Amino acid sequence: MYVLITANRNYSSWSLRPWVLMRALGIAFEDQIEPFTNPINYDEFRSFSPTGQVPALLDEGRTVYDSLGITLYLADRHDGVWPADPDARAWAQCATAEMHSGFSALRNDCTMNVGVRVTPKPPSGALRLDVARIRELFAEGLSRFGGPFLAGDRFTAVDAFFAPVAFRIRTYGLDAGAGQAWVDHMLAQPAMLEWERQALLEDWREESHEAELMAAGVITADYRTA
């Protein structure tokens with residue numbers, strides 16, 4: 001069985017991607033959590049990943065690292081990771097790659113924290129551009145392929161890669177435009193609900209992640225129970 005190594009549910013957007021993909025597609029795995037305990041966890045995480053980062057997938061003596069690397073590895077072994085329709089597949093692969101390499105302002109200014117709600121500080125120009133591009137992508141995918149997922153009627157890797165954005169949109173009240181329908185649909189998926197349930201029960205608090213949250217705006221609600 002695969003072993004998928006991930007970090008804190010509240011914070012780790014990169015971990016969420018392969019985790020929710022595998023859960024949604026019914027790909028069995030052993031779930032191993034290695035929480036962020038320090039601002040830099042490189043030395044500890046090097047014990048299971050050459051990059052010193054999460055996520056990592058262990059399979060038959062192989063260590064597969066990086067959320068995109070894991071997705072490509074799974075796509076070689078399981079149906080349904082990408083859409084079957086060629087046009088939807090091409091679009092989904094491009095959008096996934098764009099999410100993997102871009103949107104730095106969204107990542108930096110709206111740090112992921114599943115369990116809180118925030119009134120954000122006034123957005124930078126770069127963040128406005130990122131959110132506008134997110135709206136554009138969501139509207140294009142839903143319009144071209146009919147929804148309710150970004151590339152059609154089935155959950156695929158492109159939905160997994162934008163899953164952290166769904167949480168960010170809710171946390172910070174960002175304007176998703178026509179994509180709000182996708183956000184609502186995603187947040188109601190069993191795998192997303194399970195990730196959120198675990199996030200709210202976590203008792204880990206990592207100082208640098210919490211500082212990033214405080215810098216993002218004013219916390220108006222905190223649903224974390226621990």
# chains A, B, ... in the order shown; residues from 1 in each chain; ligands from 1
>>> select_by_dssp(residues="segment 31-218 of chain A", states="alpha helix (DSSP H)", output="NGL selection string")
:A and (42-45 or 67-75 or 86-101 or 104-109 or 125-145 or 157-172 or 180-187 or 190-201 or 207-216)
>>> residues_around(residues="segment 146-150 of chain A", least_positions_apart="2", cutoff="12 Å", atoms="only C-alpha atoms", output="MDAnalysis selection string")
chainID A and resid 82:83 88:89 91:93 95:96 134:144 152:163 178:189
>>> residues_around(residues="Arg205 of chain A", least_positions_apart="2", cutoff="10 Å", atoms="only C-alpha atoms", output="PyMOL selection string")
chain A and resi 8+10-11+35-38+202-203+207-210+226
>>> write_last_selection(atoms="all heavy atoms", output="short mmCIF file (atom, residue, chain, number, x, y, z; two decimals), in the first residue's frame")
data_model
loop_
_atom_site.label_atom_id
_atom_site.label_comp_id
_atom_site.auth_asym_id
_atom_site.auth_seq_id
_atom_site.Cartn_x
_atom_site.Cartn_y
_atom_site.Cartn_z
N ASN A 8 0.48 19.32 8.82
CA ASN A 8 -0.70 19.82 9.50
C ASN A 8 -1.84 20.12 8.55
O ASN A 8 -1.67 20.74 7.50
CB ASN A 8 -0.36 21.10 10.27
CG ASN A 8 0.81 20.95 11.18
OD1 ASN A 8 1.90 20.61 10.73
ND2 ASN A 8 0.63 21.23 12.45
N ASN A 10 -4.36 22.17 9.04
CA ASN A 10 -4.70 23.59 8.98
C ASN A 10 -3.82 24.34 7.99
O ASN A 10 -4.30 25.22 7.27
CB ASN A 10 -4.55 24.24 10.36
CG ASN A 10 -5.82 24.21 11.16
OD1 ASN A 10 -6.84 24.72 10.71
ND2 ASN A 10 -5.77 23.59 12.32
N TYR A 11 -2.53 23.99 7.94
CA TYR A 11 -1.57 24.83 7.24
C TYR A 11 -1.14 24.32 5.87
O TYR A 11 -0.81 25.12 4.99
CB TYR A 11 -0.28 24.95 8.06
CG TYR A 11 -0.41 25.41 9.48
CD1 TYR A 11 0.29 24.77 10.49
CD2 TYR A 11 -1.21 26.50 9.83
CE1 TYR A 11 0.21 25.20 11.81
CE2 TYR A 11 -1.30 26.93 11.13
CZ TYR A 11 -0.59 26.28 12.13
OH TYR A 11 -0.66 26.69 13.44
N PRO A 35 3.96 16.70 11.52
CA PRO A 35 3.55 18.10 11.67
C PRO A 35 4.71 19.08 11.60
O PRO A 35 5.85 18.74 11.91
CB PRO A 35 2.90 18.12 13.06
CG PRO A 35 3.55 17.00 13.80
CD PRO A 35 3.80 15.93 12.77
N PHE A 36 4.37 20.30 11.15
CA PHE A 36 5.31 21.40 11.27
C PHE A 36 5.47 21.72 12.75
O PHE A 36 4.51 22.06 13.44
CB PHE A 36 4.78 22.65 10.55
CG PHE A 36 4.57 22.48 9.08
CD1 PHE A 36 3.34 22.74 8.50
CD2 PHE A 36 5.61 22.08 8.26
CE1 PHE A 36 3.14 22.60 7.14
CE2 PHE A 36 5.42 21.93 6.89
CZ PHE A 36 4.18 22.20 6.33
N THR A 37 6.68 21.61 13.25
CA THR A 37 6.95 21.93 14.65
C THR A 37 7.86 23.13 14.82
O THR A 37 7.97 23.68 15.92
CB THR A 37 7.58 20.72 15.36
OG1 THR A 37 8.76 20.32 14.64
CG2 THR A 37 6.59 19.56 15.41
N ASN A 38 8.51 23.56 13.73
CA ASN A 38 9.42 24.69 13.75
C ASN A 38 9.21 25.51 12.48
O ASN A 38 8.64 25.02 11.51
CB ASN A 38 10.88 24.22 13.80
CG ASN A 38 11.19 23.40 15.03
OD1 ASN A 38 11.17 23.90 16.15
ND2 ASN A 38 11.45 22.11 14.84
N GLU A 202 -6.96 19.49 15.37
CA GLU A 202 -5.52 19.56 15.62
C GLU A 202 -5.20 20.43 16.83
O GLU A 202 -5.78 21.51 16.99
CB GLU A 202 -4.79 20.16 14.40
CG GLU A 202 -4.60 19.18 13.27
CD GLU A 202 -3.86 19.81 12.10
OE1 GLU A 202 -3.74 21.06 12.06
OE2 GLU A 202 -3.43 19.06 11.23
N ASP A 203 -4.23 19.97 17.62
CA ASP A 203 -3.79 20.80 18.73
C ASP A 203 -2.42 21.42 18.47
O ASP A 203 -1.84 22.07 19.34
CB ASP A 203 -3.76 20.00 20.04
CG ASP A 203 -2.86 18.78 19.97
OD1 ASP A 203 -2.21 18.56 18.93
OD2 ASP A 203 -2.81 18.04 20.97
N GLU A 207 4.41 28.61 15.41
CA GLU A 207 4.51 30.05 15.61
C GLU A 207 4.58 30.85 14.31
O GLU A 207 3.88 31.86 14.15
CB GLU A 207 5.75 30.35 16.48
CG GLU A 207 5.90 31.81 16.83
CD GLU A 207 7.09 32.05 17.75
OE1 GLU A 207 7.62 31.07 18.31
OE2 GLU A 207 7.48 33.23 17.90
N SER A 208 5.40 30.41 13.36
CA SER A 208 5.56 31.21 12.15
C SER A 208 4.29 31.19 11.29
O SER A 208 3.93 32.20 10.68
CB SER A 208 6.76 30.71 11.33
OG SER A 208 6.53 29.41 10.83
N HIS A 209 3.61 30.04 11.24
CA HIS A 209 2.36 29.98 10.50
C HIS A 209 1.28 30.86 11.14
O HIS A 209 0.50 31.52 10.44
CB HIS A 209 1.86 28.53 10.41
CG HIS A 209 2.63 27.68 9.45
ND1 HIS A 209 3.79 27.03 9.81
CD2 HIS A 209 2.41 27.38 8.14
CE1 HIS A 209 4.25 26.35 8.77
NE2 HIS A 209 3.44 26.55 7.75
N GLU A 210 1.24 30.85 12.45
CA GLU A 210 0.27 31.70 13.14
C GLU A 210 0.60 33.18 12.95
O GLU A 210 -0.30 34.02 12.83
CB GLU A 210 0.21 31.35 14.62
CG GLU A 210 -0.34 29.96 14.92
CD GLU A 210 -1.79 29.80 14.50
OE1 GLU A 210 -2.61 30.68 14.83
OE2 GLU A 210 -2.11 28.80 13.83
N ALA A 226 -9.07 22.67 19.56
CA ALA A 226 -8.00 22.38 20.51
C ALA A 226 -7.26 23.65 20.92
O ALA A 226 -7.27 24.64 20.20
CB ALA A 226 -7.03 21.39 19.89
#
>>> select_by_dssp(residues="segment 46-185 of chain A", states="strand (DSSP E or B)", output="ChimeraX atom specification")
/A:56-59,62-65,116-120,149,152
>>> write_last_selection(atoms="N, CA, C and O atoms", output="PDB file, in the first residue's frame")
ATOM      1  N   ALA A  56       5.200  13.576   0.529  1.00  0.00           N
ATOM      2  CA  ALA A  56       6.015  12.540  -0.083  1.00  0.00           C
ATOM      3  C   ALA A  56       5.192  11.259  -0.118  1.00  0.00           C
ATOM      4  O   ALA A  56       4.430  10.978   0.807  1.00  0.00           O
ATOM      5  N   LEU A  57       5.341  10.512  -1.193  1.00  0.00           N
ATOM      6  CA  LEU A  57       4.640   9.245  -1.371  1.00  0.00           C
ATOM      7  C   LEU A  57       5.669   8.131  -1.417  1.00  0.00           C
ATOM      8  O   LEU A  57       6.625   8.193  -2.204  1.00  0.00           O
ATOM      9  N   LEU A  58       5.481   7.129  -0.578  1.00  0.00           N
ATOM     10  CA  LEU A  58       6.379   5.973  -0.550  1.00  0.00           C
ATOM     11  C   LEU A  58       5.673   4.805  -1.220  1.00  0.00           C
ATOM     12  O   LEU A  58       4.536   4.472  -0.877  1.00  0.00           O
ATOM     13  N   ASP A  59       6.374   4.183  -2.177  1.00  0.00           N
ATOM     14  CA  ASP A  59       5.764   3.071  -2.907  1.00  0.00           C
ATOM     15  C   ASP A  59       6.846   2.149  -3.427  1.00  0.00           C
ATOM     16  O   ASP A  59       7.692   2.561  -4.222  1.00  0.00           O
ATOM     17  N   ARG A  62      10.302   3.269  -3.540  1.00  0.00           N
ATOM     18  CA  ARG A  62      10.493   4.575  -4.174  1.00  0.00           C
ATOM     19  C   ARG A  62       9.986   5.673  -3.257  1.00  0.00           C
ATOM     20  O   ARG A  62       8.966   5.514  -2.595  1.00  0.00           O
ATOM     21  N   THR A  63      10.659   6.813  -3.302  1.00  0.00           N
ATOM     22  CA  THR A  63      10.152   8.026  -2.669  1.00  0.00           C
ATOM     23  C   THR A  63       9.781   8.998  -3.778  1.00  0.00           C
ATOM     24  O   THR A  63      10.644   9.444  -4.549  1.00  0.00           O
ATOM     25  N   VAL A  64       8.497   9.284  -3.868  1.00  0.00           N
ATOM     26  CA  VAL A  64       7.985  10.206  -4.883  1.00  0.00           C
ATOM     27  C   VAL A  64       7.626  11.497  -4.159  1.00  0.00           C
ATOM     28  O   VAL A  64       6.823  11.487  -3.229  1.00  0.00           O
ATOM     29  N   TYR A  65       8.222  12.603  -4.566  1.00  0.00           N
ATOM     30  CA  TYR A  65       8.047  13.847  -3.820  1.00  0.00           C
ATOM     31  C   TYR A  65       7.492  14.947  -4.702  1.00  0.00           C
ATOM     32  O   TYR A  65       7.509  14.849  -5.926  1.00  0.00           O
ATOM     33  N   VAL A 116     -10.096  29.025  10.494  1.00  0.00           N
ATOM     34  CA  VAL A 116     -10.398  30.392  10.905  1.00  0.00           C
ATOM     35  C   VAL A 116     -11.105  31.144   9.781  1.00  0.00           C
ATOM     36  O   VAL A 116     -11.155  30.692   8.636  1.00  0.00           O
ATOM     37  N   ARG A 117     -11.636  32.301  10.142  1.00  0.00           N
ATOM     38  CA  ARG A 117     -12.173  33.248   9.164  1.00  0.00           C
ATOM     39  C   ARG A 117     -11.481  34.586   9.422  1.00  0.00           C
ATOM     40  O   ARG A 117     -11.290  34.983  10.588  1.00  0.00           O
ATOM     41  N   VAL A 118     -11.148  35.282   8.343  1.00  0.00           N
ATOM     42  CA  VAL A 118     -10.314  36.475   8.441  1.00  0.00           C
ATOM     43  C   VAL A 118     -10.901  37.593   7.586  1.00  0.00           C
ATOM     44  O   VAL A 118     -11.311  37.355   6.438  1.00  0.00           O
ATOM     45  N   THR A 119     -10.931  38.789   8.142  1.00  0.00           N
ATOM     46  CA  THR A 119     -11.141  39.980   7.330  1.00  0.00           C
ATOM     47  C   THR A 119      -9.776  40.433   6.858  1.00  0.00           C
ATOM     48  O   THR A 119      -8.951  40.880   7.673  1.00  0.00           O
ATOM     49  N   PRO A 120      -9.467  40.274   5.569  1.00  0.00           N
ATOM     50  CA  PRO A 120      -8.089  40.502   5.122  1.00  0.00           C
ATOM     51  C   PRO A 120      -7.743  41.981   5.080  1.00  0.00           C
ATOM     52  O   PRO A 120      -8.611  42.846   4.970  1.00  0.00           O
ATOM     53  N   PHE A 149     -17.388  20.099 -11.491  1.00  0.00           N
ATOM     54  CA  PHE A 149     -15.969  20.212 -11.215  1.00  0.00           C
ATOM     55  C   PHE A 149     -15.318  21.058 -12.301  1.00  0.00           C
ATOM     56  O   PHE A 149     -15.951  21.397 -13.301  1.00  0.00           O
ATOM     57  N   GLY A 152     -15.221  19.207 -15.772  1.00  0.00           N
ATOM     58  CA  GLY A 152     -16.330  18.338 -16.139  1.00  0.00           C
ATOM     59  C   GLY A 152     -17.070  17.790 -14.950  1.00  0.00           C
ATOM     60  O   GLY A 152     -17.112  18.412 -13.881  1.00  0.00           O
TER      61      GLY A 152
END
>>> atom_distance(atom1="atom CA of Ile219 of chain A", atom2="atom CA of Ala191 of chain A")
25.7 Å
>>> closest_residue(among="A:Leu21, A:Ala75, A:Leu16, A:Ala90", to="Pro55 of chain A", atoms="only C-alpha atoms")
A:Leu16
>>> atom_distance(atom1="atom CA of Glu196 of chain A", atom2="atom CA of Gly69 of chain A")
24.3 Å
>>> atom_distance(atom1="atom CA of Ala166 of chain A", atom2="atom CA of Asp31 of chain A")
22.3 Å
>>> closest_residue(among="A:Ala216, A:Trp195, A:Tyr172, A:Leu129", to="Thr6 of chain A", atoms="only C-alpha atoms")
A:Trp195
>>> closest_residue(among="A:Tyr73, A:Met192, A:Gly80, A:Tyr42", to="Trp19 of chain A", atoms="only C-alpha atoms")
A:Met192
